[in-house]
$ cat target-v5.txt   # compact mmCIF, C-alpha atoms and all ligand atoms
# COMPACT_ATOMS: atom_id res chain seq x y z
CA MET A 20 0.00 0.00 0.00
CA LYS A 21 1.28 3.44 -0.91
CA ILE A 22 2.12 5.70 1.99
CA THR A 23 -0.49 8.27 0.88
CA SER A 24 -3.30 5.71 0.84
CA MET A 25 -2.17 4.45 4.23
CA ILE A 26 -2.47 7.98 5.62
CA GLY A 27 -5.87 8.24 3.92
CA LEU A 28 -7.03 4.98 5.48
CA THR A 29 -5.78 6.02 8.91
CA LEU A 30 -7.59 9.36 8.60
CA PHE A 31 -10.75 7.59 7.48
CA LEU A 32 -10.61 5.22 10.45
CA LEU A 33 -9.97 8.09 12.85
CA ILE A 34 -12.82 10.18 11.48
CA SER A 35 -15.30 7.30 11.38
CA GLY A 36 -14.23 6.35 14.90
CA CYS A 37 -14.93 9.89 16.10
CA THR A 38 -18.28 10.02 14.34
CA GLN A 39 -19.26 6.76 15.90
CA SER A 40 -18.46 7.88 19.41
CA ALA A 41 -20.26 11.20 18.84
CA LEU A 42 -23.33 9.17 17.94
CA GLN A 43 -23.53 7.52 21.32
CA ASP A 44 -26.56 9.15 22.85
CA PRO A 45 -26.75 9.54 26.59
CA TYR A 46 -29.38 7.33 28.15
CA VAL A 47 -31.36 6.66 31.29
CA VAL A 48 -31.21 3.12 32.63
CA VAL A 49 -33.75 1.61 35.00
CA LEU A 50 -31.89 0.21 38.03
CA GLY A 51 -34.91 -1.05 39.97
CA ILE A 52 -38.69 -1.04 39.82
CA ALA A 53 -39.96 -2.07 43.28
CA GLN A 54 -41.60 0.12 45.92
CA ASP A 55 -39.40 1.12 48.89
CA ALA A 56 -39.52 -2.28 50.58
CA GLY A 57 -38.47 -4.30 47.55
CA VAL A 58 -39.95 -7.54 46.22
CA PRO A 59 -40.23 -9.95 47.98
CA GLN A 60 -41.11 -7.83 51.00
CA ALA A 61 -39.84 -8.70 54.48
CA GLY A 62 -42.15 -11.12 56.23
CA CYS A 63 -44.37 -11.81 53.21
CA MET A 64 -45.07 -15.47 52.61
CA LYS A 65 -48.19 -14.85 50.57
CA GLU A 66 -48.68 -15.77 46.95
CA CYS A 67 -47.10 -12.51 45.71
CA CYS A 68 -43.75 -13.29 47.33
CA ILE A 69 -43.59 -16.96 48.27
CA GLY A 70 -42.10 -18.04 44.93
CA ARG A 71 -39.53 -15.26 44.97
CA TRP A 72 -37.58 -15.99 48.15
CA ASN A 73 -35.55 -18.87 46.77
CA ASN A 74 -35.22 -17.52 43.26
CA PRO A 75 -32.92 -14.50 42.94
CA SER A 76 -34.02 -13.91 39.35
CA ASN A 77 -37.52 -13.21 40.69
CA GLN A 78 -36.33 -10.64 43.21
CA LEU A 79 -36.81 -7.00 42.30
CA MET A 80 -34.61 -4.13 43.37
CA VAL A 81 -36.03 -0.88 44.66
CA THR A 82 -36.85 1.89 42.18
CA SER A 83 -33.87 3.85 40.96
CA LEU A 84 -32.65 5.32 37.68
CA GLY A 85 -29.19 5.88 36.31
CA ILE A 86 -28.12 8.52 33.81
CA VAL A 87 -25.19 7.56 31.60
CA ASP A 88 -23.11 9.52 29.12
CA PRO A 89 -21.24 6.80 27.21
CA ASN A 90 -18.92 9.35 25.59
CA SER A 91 -17.57 10.82 28.80
CA LYS A 92 -18.20 7.67 30.89
CA GLU A 93 -19.94 9.82 33.49
CA THR A 94 -22.89 8.42 35.42
CA TRP A 95 -25.44 9.81 37.87
CA MET A 96 -27.84 7.93 40.07
CA ILE A 97 -31.34 8.97 41.05
CA GLU A 98 -32.18 7.65 44.53
CA ALA A 99 -29.86 5.75 46.85
CA THR A 100 -31.91 2.65 47.62
CA PRO A 101 -31.37 -0.29 49.98
CA ASP A 102 -30.10 -2.07 46.83
CA PHE A 103 -27.34 0.50 46.29
CA PRO A 104 -24.42 -2.01 46.07
CA ASN A 105 -25.86 -3.90 43.11
CA GLN A 106 -27.27 -0.81 41.49
CA LEU A 107 -23.92 0.98 41.65
CA LYS A 108 -22.26 -2.02 40.01
CA MET A 109 -24.91 -2.09 37.32
CA LEU A 110 -24.74 1.65 36.67
CA THR A 111 -20.97 2.06 36.56
CA ASP A 112 -20.34 -1.03 34.44
CA ASN A 113 -18.49 -2.83 37.22
CA ASN A 114 -16.90 0.36 38.47
CA GLN A 115 -15.38 1.30 35.10
CA ASP A 116 -17.48 4.44 34.79
CA LYS A 117 -17.45 7.28 37.27
CA LEU A 118 -20.36 8.07 39.60
CA GLU A 119 -20.62 11.86 39.39
CA GLY A 120 -23.51 12.33 41.76
CA ILE A 121 -26.67 11.08 43.42
CA PHE A 122 -30.03 12.86 43.19
CA LEU A 123 -32.59 12.22 45.91
CA THR A 124 -36.36 12.63 45.69
CA HIS A 125 -37.40 12.39 49.37
CA ALA A 126 -36.81 10.89 52.81
CA HIS A 127 -38.75 7.62 52.61
CA ILE A 128 -36.70 4.50 53.21
CA GLY A 129 -36.45 3.23 49.65
CA HIS A 130 -35.16 6.52 48.33
CA TYR A 131 -32.13 7.52 50.40
CA THR A 132 -31.04 4.86 52.90
CA GLY A 133 -28.55 3.39 50.41
CA LEU A 134 -26.33 6.35 51.31
CA ILE A 135 -25.07 4.24 54.24
CA HIS A 136 -22.88 2.40 51.74
CA LEU A 137 -20.82 5.55 51.20
CA GLY A 138 -19.83 5.76 54.86
CA ARG A 139 -16.94 4.68 57.00
CA GLU A 140 -18.16 1.10 57.52
CA ALA A 141 -18.50 0.62 53.77
CA MET A 142 -16.95 2.43 50.79
CA GLY A 143 -15.66 5.42 52.76
CA THR A 144 -16.05 7.69 49.76
CA GLN A 145 -14.64 11.19 49.38
CA LYS A 146 -17.08 14.02 48.74
CA VAL A 147 -19.56 12.20 46.53
CA ASN A 148 -22.00 14.82 45.29
CA VAL A 149 -25.46 14.30 46.73
CA TYR A 150 -28.19 16.57 45.37
CA ALA A 151 -31.19 17.27 47.55
CA MET A 152 -33.92 19.83 48.16
CA PRO A 153 -33.55 22.13 51.23
CA LYS A 154 -35.60 20.07 53.74
CA MET A 155 -34.08 16.83 52.56
CA ALA A 156 -30.59 18.37 52.89
CA LYS A 157 -31.38 19.57 56.40
CA PHE A 158 -32.72 16.13 57.33
CA LEU A 159 -29.43 14.50 56.26
CA ARG A 160 -27.28 17.09 58.02
CA SER A 161 -29.16 16.88 61.29
CA ASN A 162 -29.85 13.16 61.78
CA GLY A 163 -27.46 10.29 62.30
CA PRO A 164 -26.13 8.24 60.66
CA TRP A 165 -26.45 10.58 57.65
CA SER A 166 -24.93 13.51 59.51
CA GLN A 167 -21.74 11.48 59.90
CA LEU A 168 -21.47 11.14 56.13
CA VAL A 169 -21.56 14.92 55.96
CA ASP A 170 -19.13 15.47 58.84
CA LEU A 171 -16.60 12.98 57.49
CA GLU A 172 -17.09 14.39 53.99
CA ASN A 173 -18.05 11.04 52.52
CA ILE A 174 -20.73 13.05 50.79
CA ARG A 175 -21.02 16.67 49.76
CA ILE A 176 -24.57 17.96 49.79
CA ASN A 177 -25.61 20.24 46.94
CA LYS A 178 -28.89 22.04 47.47
CA LEU A 179 -31.44 21.92 44.69
CA LYS A 180 -34.08 24.55 44.00
CA ASN A 181 -37.57 23.79 42.82
CA GLU A 182 -37.71 23.97 39.02
CA LYS A 183 -34.12 25.18 38.74
CA THR A 184 -32.29 23.32 35.98
CA LEU A 185 -28.83 21.95 36.60
CA GLU A 186 -26.48 21.16 33.71
CA LEU A 187 -24.83 17.79 34.32
CA ASN A 188 -22.54 18.25 31.33
CA ASP A 189 -22.86 19.86 27.91
CA ARG A 190 -25.41 17.27 26.77
CA ILE A 191 -27.54 16.44 29.82
CA SER A 192 -29.52 18.52 32.29
CA ILE A 193 -31.82 17.75 35.20
CA THR A 194 -34.63 19.73 36.84
CA PRO A 195 -36.35 18.90 40.15
CA PHE A 196 -40.01 19.77 40.66
CA ILE A 197 -42.10 19.51 43.83
CA VAL A 198 -44.94 17.00 43.94
CA PRO A 199 -47.50 16.34 46.70
CA HIS A 200 -46.67 13.32 48.85
CA ARG A 201 -46.95 12.60 52.57
CA ASP A 202 -43.93 14.65 53.52
CA GLU A 203 -43.08 13.71 57.11
CA PHE A 204 -39.34 14.37 56.92
CA SER A 205 -38.73 16.18 53.65
CA GLU A 206 -40.41 17.64 50.61
CA THR A 207 -40.78 15.31 47.61
CA VAL A 208 -39.64 15.99 44.08
CA GLY A 209 -39.84 14.40 40.69
CA TYR A 210 -37.17 14.98 38.05
CA LYS A 211 -37.05 15.97 34.43
CA ILE A 212 -33.96 14.71 32.62
CA GLU A 213 -33.11 16.24 29.26
CA GLY A 214 -30.64 14.93 26.72
CA PRO A 215 -29.72 16.26 23.28
CA SER A 216 -32.87 14.87 21.69
CA LYS A 217 -35.32 13.57 24.27
CA SER A 218 -36.65 14.23 27.76
CA LEU A 219 -37.79 11.95 30.56
CA ILE A 220 -40.02 12.59 33.57
CA PHE A 221 -39.58 10.55 36.76
CA ILE A 222 -42.24 10.65 39.49
CA PRO A 223 -41.82 7.55 41.68
CA ASP A 224 -44.08 8.72 44.52
CA ILE A 225 -47.02 11.12 44.35
CA ASP A 226 -50.44 11.54 45.96
CA LYS A 227 -53.48 11.43 43.70
CA TRP A 228 -52.97 13.31 40.44
CA GLU A 229 -55.64 15.92 41.25
CA LYS A 230 -53.57 17.15 44.20
CA TRP A 231 -50.77 18.16 41.84
CA GLU A 232 -50.93 21.61 40.28
CA GLU A 233 -49.53 20.28 36.98
CA ASP A 234 -51.58 18.35 34.45
CA ILE A 235 -50.02 14.90 34.11
CA GLU A 236 -51.72 14.36 30.76
CA LYS A 237 -49.99 17.43 29.36
CA VAL A 238 -46.67 16.44 30.95
CA ALA A 239 -46.88 12.94 29.48
CA SER A 240 -47.71 14.37 26.05
CA GLU A 241 -44.76 16.76 26.08
CA ASN A 242 -42.02 14.32 27.06
CA GLU A 243 -40.87 11.19 25.25
CA TYR A 244 -40.73 9.19 28.48
CA THR A 245 -42.83 9.49 31.63
CA LEU A 246 -42.03 7.09 34.47
CA ILE A 247 -44.73 7.29 37.12
CA ASP A 248 -45.87 5.92 40.45
CA GLY A 249 -47.43 2.51 39.85
CA SER A 250 -47.35 1.35 43.49
CA PHE A 251 -50.82 -0.23 43.42
CA PHE A 252 -52.96 -1.47 40.58
CA GLU A 253 -56.37 -0.78 42.11
CA ASN A 254 -58.37 -0.37 45.29
CA GLY A 255 -58.80 -3.64 47.18
CA GLU A 256 -55.25 -4.82 46.48
CA ILE A 257 -54.42 -4.99 50.18
CA PRO A 258 -57.08 -7.27 51.69
CA GLY A 259 -59.04 -5.88 54.61
CA ARG A 260 -57.91 -2.32 54.05
CA ASP A 261 -59.78 0.49 52.35
CA MET A 262 -57.08 1.96 50.22
CA SER A 263 -58.93 5.04 49.06
CA GLU A 264 -56.91 7.04 51.56
CA ILE A 265 -53.60 5.54 50.46
CA PRO A 266 -51.90 8.43 48.78
CA HIS A 267 -50.90 6.99 45.44
CA PRO A 268 -52.70 7.12 42.11
CA PHE A 269 -53.81 3.57 41.35
CA ILE A 270 -52.65 2.36 37.94
CA VAL A 271 -56.28 2.11 36.80
CA GLU A 272 -56.77 5.77 37.76
CA SER A 273 -53.63 6.85 35.92
CA MET A 274 -54.70 4.92 32.81
CA GLU A 275 -57.99 6.80 32.91
CA VAL A 276 -56.37 10.21 33.40
CA LEU A 277 -53.89 9.49 30.58
CA ARG A 278 -56.28 7.77 28.17
CA ASP A 279 -56.16 10.59 25.60
CA VAL A 280 -52.37 10.81 25.33
CA LYS A 281 -51.69 9.98 21.68
CA ASP A 282 -48.51 7.96 22.06
CA LYS A 283 -48.64 6.08 25.34
CA SER A 284 -45.63 3.87 24.67
CA GLY A 285 -43.35 6.26 26.58
CA ILE A 286 -45.51 6.11 29.71
CA HIS A 287 -43.98 3.53 32.03
CA PHE A 288 -45.30 2.50 35.43
CA ILE A 289 -42.65 1.93 38.10
CA HIS A 290 -42.30 1.69 41.96
CA PHE A 291 -44.44 -1.44 42.39
CA ASN A 292 -45.61 -2.72 45.75
CA HIS A 293 -45.07 -6.47 46.25
CA THR A 294 -48.84 -6.97 46.05
CA ASN A 295 -49.15 -5.38 42.60
CA PRO A 296 -50.52 -7.92 40.11
CA VAL A 297 -48.73 -6.29 37.16
CA LEU A 298 -45.55 -7.87 38.52
CA ASN A 299 -46.98 -11.23 37.52
CA GLN A 300 -46.05 -11.79 33.86
CA ASP A 301 -49.25 -13.67 33.05
CA SER A 302 -51.76 -11.60 34.99
CA SER A 303 -54.69 -9.93 33.28
CA PRO A 304 -53.94 -6.55 34.95
CA ARG A 305 -50.53 -6.62 33.30
CA LYS A 306 -52.10 -7.44 29.95
CA ASP A 307 -54.67 -4.67 30.47
CA VAL A 308 -51.90 -2.11 30.99
CA LEU A 309 -49.95 -3.24 27.93
CA ASN A 310 -53.03 -3.62 25.72
CA ALA A 311 -54.04 -0.05 26.56
CA GLY A 312 -50.70 1.06 25.08
CA PHE A 313 -48.87 1.80 28.35
CA ASN A 314 -45.63 0.21 29.47
CA ILE A 315 -44.21 -1.37 32.58
CA ALA A 316 -40.63 -0.43 33.42
CA GLY A 317 -38.14 -3.28 33.61
CA SER A 318 -34.82 -3.46 35.41
CA GLY A 319 -31.95 -2.84 32.99
CA GLN A 320 -34.17 -1.08 30.46
CA LYS A 321 -32.37 1.73 28.64
CA MET A 322 -34.02 4.83 27.24
CA SER A 323 -31.86 7.01 25.02
CA ILE A 324 -32.23 10.73 25.56
ZN ZN B 401 -41.37 5.22 47.56
ZN ZN B 402 -45.74 -10.21 49.04
ZN ZN B 403 -42.53 8.03 49.54
$ encode --input "target-v5.txt" --output "structure tokens" --more "lines below"
Ligand SMILES: [Zn+2]
Ligand SMILES: [Zn+2]
Ligand SMILES: [Zn+2]
Amino acid sequence: MKITSMIGLTLFLLISGCTQSALQDPYVVVLGIAQDAGVPQAGCMKECCIGRWNNPSNQLMVTSLGIVDPNSKETWMIEATPDFPNQLKMLTDNNQDKLEGIFLTHAHIGHYTGLIHLGREAMGTQKVNVYAMPKMAKFLRSNGPWSQLVDLENIRINKLKNEKTLELNDRISITPFIVPHRDEFSETVGYKIEGPSKSLIFIPDIDKWEKWEEDIEKVASENEYTLIDGSFFENGEIPGRDMSEIPHPFIVESMEVLRDVKDKSGIHFIHFNHTNPVLNQDSSPRKDVLNAGFNIAGSGQKMSI
């Protein structure tokens, strides 16, 4: 081969290599889909969980999302759940990618207690960026064992502001927004994640839709992906308990509210209680959800943004 054509070939390979890497869209990956307590749930020997205890492939991690930029190998986690060790491994590709930060929604057990793995008894990290709203930040600073993570600088708390967008890098941004939820210890937020071409809404916990000042139908129509609270399928799911006061929109209610959204394929239910029949692959509630055009989030699912 002539030297000039060799240079040409090298240039071609370099350029096509660059183009290829530039084409790697950032994405959001689902790291877990269960409600705070996971599936199976502690103490449950009923039909919903009995077959899951001895079968790890039937066990579901708690709801969490990862954001990944494959070009820069940066990652961010939303929520620090009790399943943090496995979710960190999953998100960072066996620790090859860097965890740039953790975004928290609120102070219920499934959403922040995984932070313990950053502390002295575990990873002993240095200044991992944790992003939280003001009350959530105060809660962490003023209660052990979280306060120790702050004092020892295992974590560095960055305060978020309602509806204030934060640029994660030059391709990805994130915006927290307040939602109504039983806020004993902190406020509760959802997140909007925007990439170069698509946006994703994440609302793992919310009271009934009518308590929210935003119109979920409009929100779901304006964003390519909407991942929403699917804790319970319908009233009556927990025997002997009137669930009308349980502050979550039932999936059947959400399907009704969202029935006129043209493309429902981006609407994914997530944050499932162990009793939720949609977790059963062959159940008719699951088929009803899918037949109506909606989706059910799955662990490991990637959504390019
Ligand atoms: Zn929750
Ligand atoms: Zn169960
Ligand atoms: Zn909650």
$ atom_distance --input "target-v5.txt" --atom1 "CA of Ile222 (chain A)" --atom2 "CA of Pro195 (chain A)"
10.2 Å
$ atom_distance --input "target-v5.txt" --atom1 "CA of Ile135 (chain A)" --atom2 "CA of Thr245 (chain A)"
29.2 Å
$ residues_around --input "target-v5.txt" --residues "region 165-179 of chain A" --least-positions-apart "3" --cutoff "10 Å" --atoms "only C-alpha atoms" --output "PyMOL selection string"
chain A and resi 120-123+131-132+134-139+142-162+182-185+194-196
$ closest_residue --input "target-v5.txt" --among "A:Val276, A:Ala126, A:Leu110, A:Ile286" --to "Glu203 (chain A)" --atoms "all atoms listed in the file"
A:Ala126
$ closest_residue --input "target-v5.txt" --among "A:Trp95, A:Tyr46, A:Phe103, A:Phe204" --to "ligand ZN 403 (chain B)" --atoms "only C-alpha atoms and all ligand atoms"
A:Phe204
$ residues_near_ligand --input "target-v5.txt" --ligand "ligand ZN 402 (chain B)" --cutoff "6 Å" --atoms "only C-alpha atoms and all ligand atoms" --output "PyMOL selection string"
chain A and resi 59-60+63+65+67-68+293-294
$ residues_near_ligand --input "target-v5.txt" --ligand "ligand ZN 401 (chain B)" --cutoff "7 Å" --atoms "all atoms listed in the file" --output "ChimeraX atom specification"
/A:54-55,127,129-130,223-224,290
$ closest_residue --input "target-v5.txt" --among "A:Thr124, A:Gln78, A:Asn181, A:Ser240" --to "ligand ZN 403 (chain B)" --atoms "all atoms listed in the file"
A:Thr124
$ atom_distance --input "target-v5.txt" --atom1 "CA of Val297 (chain A)" --atom2 "CA of Asn73 (chain A)"
20.6 Å
